[in-house]
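Structure file final-v5.csv (CSV, C-alpha atoms) follows.
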```csv
chain,number,residue,atom,x,y,z
A,1,GLN,CA,84.3,11.5,-111.1
A,2,VAL,CA,87.0,12.2,-113.6
A,3,GLN,CA,86.6,10.4,-117.0
A,4,LEU,CA,89.0,10.4,-119.9
A,5,VAL,CA,88.0,9.0,-123.3
A,6,GLU,CA,90.5,8.7,-126.1
A,7,SER,CA,89.7,8.5,-129.8
A,8,GLY,CA,91.4,8.8,-133.2
A,9,GLY,CA,93.5,5.7,-133.3
A,10,GLY,CA,93.7,3.4,-136.3
A,11,LEU,CA,95.8,1.6,-138.8
A,12,VAL,CA,98.1,3.7,-141.0
A,13,GLN,CA,101.2,3.3,-143.1
A,14,ALA,CA,104.6,4.5,-142.1
A,15,GLY,CA,105.0,8.2,-142.8
A,16,ASP,CA,101.3,8.9,-142.3
A,17,SER,CA,99.7,11.2,-139.7
A,18,LEU,CA,97.1,10.7,-137.1
A,19,ARG,CA,95.5,13.0,-134.5
A,20,LEU,CA,94.4,11.5,-131.2
A,21,SER,CA,91.9,13.2,-129.0
A,22,CYS,CA,91.1,12.8,-125.3
A,23,ALA,CA,87.9,14.2,-123.9
A,24,ALA,CA,87.9,14.9,-120.2
A,25,SER,CA,85.0,15.3,-117.8
A,26,GLY,CA,84.2,15.5,-114.1
A,27,ARG,CA,86.2,18.5,-113.0
A,28,THR,CA,87.6,21.8,-114.3
A,29,PHE,CA,89.7,20.7,-117.2
A,30,SER,CA,91.8,23.9,-117.5
A,31,ASP,CA,93.3,23.5,-114.0
A,32,TYR,CA,95.1,20.3,-114.7
A,33,ALA,CA,98.1,19.0,-116.6
A,34,MET,CA,97.5,16.4,-119.2
A,35,ALA,CA,99.7,13.7,-120.7
A,36,TRP,CA,99.9,10.9,-123.2
A,37,PHE,CA,101.5,7.5,-122.6
A,38,ARG,CA,101.7,4.4,-124.8
A,39,GLN,CA,102.2,0.7,-124.3
A,40,SER,CA,103.3,-1.9,-126.8
A,41,PRO,CA,102.8,-5.6,-126.3
A,42,GLY,CA,105.4,-7.0,-123.9
A,43,LYS,CA,106.7,-3.5,-122.9
A,44,GLU,CA,106.1,-1.2,-120.1
A,45,ARG,CA,103.9,1.9,-120.5
A,46,GLU,CA,106.0,4.8,-121.5
A,47,PHE,CA,105.7,8.6,-121.5
A,48,VAL,CA,105.0,10.3,-124.8
A,49,ALA,CA,104.1,13.9,-124.2
A,50,ALA,CA,102.6,16.2,-121.6
A,51,ILE,CA,101.2,19.7,-121.5
A,52,SER,CA,100.9,22.0,-118.5
A,53,TRP,CA,97.5,23.2,-117.2
A,54,SER,CA,98.1,26.6,-118.8
A,55,GLY,CA,99.2,25.1,-122.1
A,56,ARG,CA,102.4,27.2,-122.0
A,57,SER,CA,104.7,24.3,-121.4
A,58,THR,CA,105.0,21.0,-123.3
A,59,TYR,CA,107.3,18.0,-122.8
A,60,TYR,CA,108.1,15.2,-125.2
A,61,ALA,CA,109.9,11.9,-125.1
A,62,ASP,CA,113.1,11.9,-127.2
A,63,SER,CA,111.6,9.3,-129.5
A,64,VAL,CA,108.8,11.5,-130.6
A,65,LYS,CA,110.3,15.0,-130.4
A,66,GLY,CA,109.9,16.8,-133.7
A,67,ARG,CA,107.2,14.4,-134.9
A,68,PHE,CA,104.4,14.6,-132.3
A,69,THR,CA,102.7,17.7,-131.0
A,70,ILE,CA,100.5,17.9,-127.9
A,71,SER,CA,97.9,20.6,-127.5
A,72,ARG,CA,94.8,21.4,-125.6
A,73,ASP,CA,91.5,23.2,-126.1
A,74,ASN,CA,90.1,24.2,-122.8
A,75,THR,CA,86.8,25.3,-124.4
A,76,LYS,CA,86.3,21.7,-125.4
A,77,ASN,CA,87.8,20.0,-122.4
A,78,THR,CA,90.0,18.1,-124.9
A,79,VAL,CA,93.7,17.3,-125.3
A,80,TYR,CA,95.2,16.3,-128.6
A,81,LEU,CA,98.2,14.4,-129.9
A,82,GLN,CA,99.1,15.2,-133.5
A,83,MET,CA,101.4,12.4,-134.7
A,84,ASN,CA,103.3,13.0,-137.9
A,85,SER,CA,105.8,10.9,-139.8
A,86,LEU,CA,104.6,7.8,-138.0
A,87,LYS,CA,107.0,4.8,-137.7
A,88,PRO,CA,106.2,1.1,-137.1
A,89,GLU,CA,107.8,1.5,-133.7
A,90,ASP,CA,105.0,4.0,-132.8
A,91,THR,CA,102.6,1.1,-132.8
A,92,ALA,CA,101.0,0.9,-129.3
A,93,VAL,CA,97.9,1.6,-127.3
A,94,TYR,CA,97.9,5.3,-126.5
A,95,TYR,CA,96.5,6.4,-123.1
A,96,CYS,CA,95.5,9.8,-121.9
A,97,ALA,CA,96.3,10.6,-118.2
A,98,THR,CA,96.0,13.5,-115.7
A,99,PRO,CA,97.1,14.0,-112.1
A,100,LYS,CA,94.9,14.4,-109.1
A,101,THR,CA,96.4,17.7,-108.1
A,102,PRO,CA,95.8,20.9,-110.1
A,103,PHE,CA,98.2,23.3,-111.7
A,104,ASP,CA,101.9,22.7,-112.0
A,105,VAL,CA,103.5,19.3,-112.0
A,106,PRO,CA,107.1,19.4,-110.9
A,107,ILE,CA,109.3,19.1,-114.0
A,108,ALA,CA,111.1,16.2,-112.5
A,109,GLN,CA,107.9,14.3,-112.3
A,110,VAL,CA,106.3,15.2,-115.7
A,111,MET,CA,107.4,12.0,-117.4
A,112,SER,CA,106.7,9.7,-114.4
A,113,ILE,CA,103.8,7.3,-114.8
A,114,THR,CA,103.3,7.4,-111.0
A,115,ARG,CA,102.5,11.1,-111.2
A,116,TYR,CA,99.2,10.5,-113.0
A,117,ASP,CA,96.1,9.3,-111.2
A,118,TYR,CA,93.4,9.1,-113.8
A,119,TRP,CA,93.7,7.2,-117.0
A,120,GLY,CA,91.6,6.6,-120.1
A,121,ARG,CA,91.1,3.1,-121.6
A,122,GLY,CA,93.3,3.8,-124.5
A,123,THR,CA,93.2,3.9,-128.3
A,124,GLN,CA,95.1,1.5,-130.6
A,125,VAL,CA,97.5,3.0,-133.1
A,126,THR,CA,99.0,0.5,-135.6
A,127,VAL,CA,101.7,1.7,-138.1
A,128,SER,CA,102.5,-0.7,-140.9
A,129,SER,CA,105.8,-0.7,-142.8
```
This entry written out as structure tokens:
Amino acid sequence: QVQLVESGGGLVQAGDSLRLSCAASGRTFSDYAMAWFRQSPGKEREFVAAISWSGRSTYYADSVKGRFTISRDNTKNTVYLQMNSLKPEDTAVYYCATPKTPFDVPIAQVMSITRYDYWGRGTQVTVSS
């Protein structure tokens, strides 16, 4: 059974940094792509970033490009989201997600919420102005 557990959220001020972690278990972590999504109250869940199973490819939403960095440590079965220069509009619950199928995710589907089958419970990030 695949389990994803996020951590690292909190309350910070605009301009601060946070690093989120997502610990995965239940299968061979290094064979699967990983992604981060977020959801604000009253809004749909949106793509933030993704990393390929090999770690060689990363993808970002335009709103976070240049500020956020996704990475993975396959020795720790963990994916990270380093968030710098945080803005109030980054306030959301951040979710870790992974697909059911291993290896490459078609590029056209990387940002699609429907491509991901397993989800964590989320971690709250609040950025005050």
Find the residue from A:Trp119, A:Tyr95, A:Tyr59, A:Phe68 that sits nearest to Arg38 of chain A; use all atoms listed in the file when measuring.
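With all atoms listed in the file as the atom set, the closest residue is A:Tyr95.
A straight line drawn from atom CA of Gly15 of chain A to atom CA of Glu46 of chain A is 21.6 Å long.
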I'd like the contact shell of segment 6-13 of chain A - 9 Å cut-off, only C-alpha atoms, skipping same-chain residues fewer than 4 positions apart - returned as a PDB file with C-alpha atoms, keeping the file's coordinate frame.
```
ATOM      1  CA  SER A  17      99.700  11.200-139.700  1.00  0.00           C
ATOM      2  CA  LEU A  18      97.100  10.700-137.100  1.00  0.00           C
ATOM      3  CA  ARG A  19      95.500  13.000-134.500  1.00  0.00           C
ATOM      4  CA  LEU A  20      94.400  11.500-131.200  1.00  0.00           C
ATOM      5  CA  SER A  21      91.900  13.200-129.000  1.00  0.00           C
ATOM      6  CA  CYS A  22      91.100  12.800-125.300  1.00  0.00           C
ATOM      7  CA  ALA A  23      87.900  14.200-123.900  1.00  0.00           C
ATOM      8  CA  ALA A  24      87.900  14.900-120.200  1.00  0.00           C
ATOM      9  CA  LEU A  86     104.600   7.800-138.000  1.00  0.00           C
ATOM     10  CA  LYS A  87     107.000   4.800-137.700  1.00  0.00           C
ATOM     11  CA  PRO A  88     106.200   1.100-137.100  1.00  0.00           C
ATOM     12  CA  VAL A  93      97.900   1.600-127.300  1.00  0.00           C
ATOM     13  CA  TYR A  94      97.900   5.300-126.500  1.00  0.00           C
ATOM     14  CA  TYR A  95      96.500   6.400-123.100  1.00  0.00           C
ATOM     15  CA  CYS A  96      95.500   9.800-121.900  1.00  0.00           C
ATOM     16  CA  GLY A 120      91.600   6.600-120.100  1.00  0.00           C
ATOM     17  CA  ARG A 121      91.100   3.100-121.600  1.00  0.00           C
ATOM     18  CA  GLY A 122      93.300   3.800-124.500  1.00  0.00           C
ATOM     19  CA  THR A 123      93.200   3.900-128.300  1.00  0.00           C
ATOM     20  CA  GLN A 124      95.100   1.500-130.600  1.00  0.00           C
ATOM     21  CA  VAL A 125      97.500   3.000-133.100  1.00  0.00           C
ATOM     22  CA  THR A 126      99.000   0.500-135.600  1.00  0.00           C
ATOM     23  CA  VAL A 127     101.700   1.700-138.100  1.00  0.00           C
ATOM     24  CA  SER A 128     102.500  -0.700-140.900  1.00  0.00           C
ATOM     25  CA  SER A 129     105.800  -0.700-142.800  1.00  0.00           C
TER      26      SER A 129
END
```
What separation in Å, quoted to one decimal, exists between atom CA of Trp53 of chain A and atom CA of Lys65 of chain A?
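Separating atom CA of Trp53 of chain A from atom CA of Lys65 of chain A is a distance of 20.1 Å.
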For Ser63 of chain A, which of A:Gln109, A:Val5, A:Ser85, A:Thr75 is the closest residue, counting only C-alpha atoms?
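Selected residue with least distance to Ser63 of chain A: A:Ser85.
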Atomic separation - atom CA of Pro99 of chain A relative to atom CA of Arg115 of chain A, Å:
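If I compute the distance from atom CA of Arg115 of chain A to atom CA of Pro99 of chain A, I get 6.2 Å.
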For Ala50 of chain A, find every residue with an atom within 10 Å (counting all atoms listed in the file), except residues of its own chain fewer than 6 positions away, and show them as a list in words.
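Answer for this query is Ala33, Met34, Ala35, Trp36, Phe37, Ser57, Thr58, Tyr59, Tyr60, Ala61, Thr69, Ile70, Ser71, Val79, Leu81, Cys96, Ala97, Thr98, Val110 and Met111 of chain A.
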Of A:Thr91, A:Ser25, A:Pro41, A:Ala14, the one sitting nearest Thr78 of chain A when using all atoms listed in the file is A:Ser25
When distances are computed from only C-alpha atoms, which of A:Ser52, A:Val2, A:Arg45, A:Asn77 shows the smallest separation from Pro106 of chain A?
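So, comparing all the options, the nearest one is A:Ser52.
Distance annotation: of A:Leu4, A:Tyr32, A:Ile51, A:Lys43, the residue with the minimal separation from Ile107 of chain A is A:Ile51; atom set is all atoms listed in the file.
For the choices A:Thr101, A:Gln1, A:Thr114, A:Gln82, the atom-to-atom distance to Arg27 of chain A is smallest for A:Gln1 when using all atoms listed in the file.
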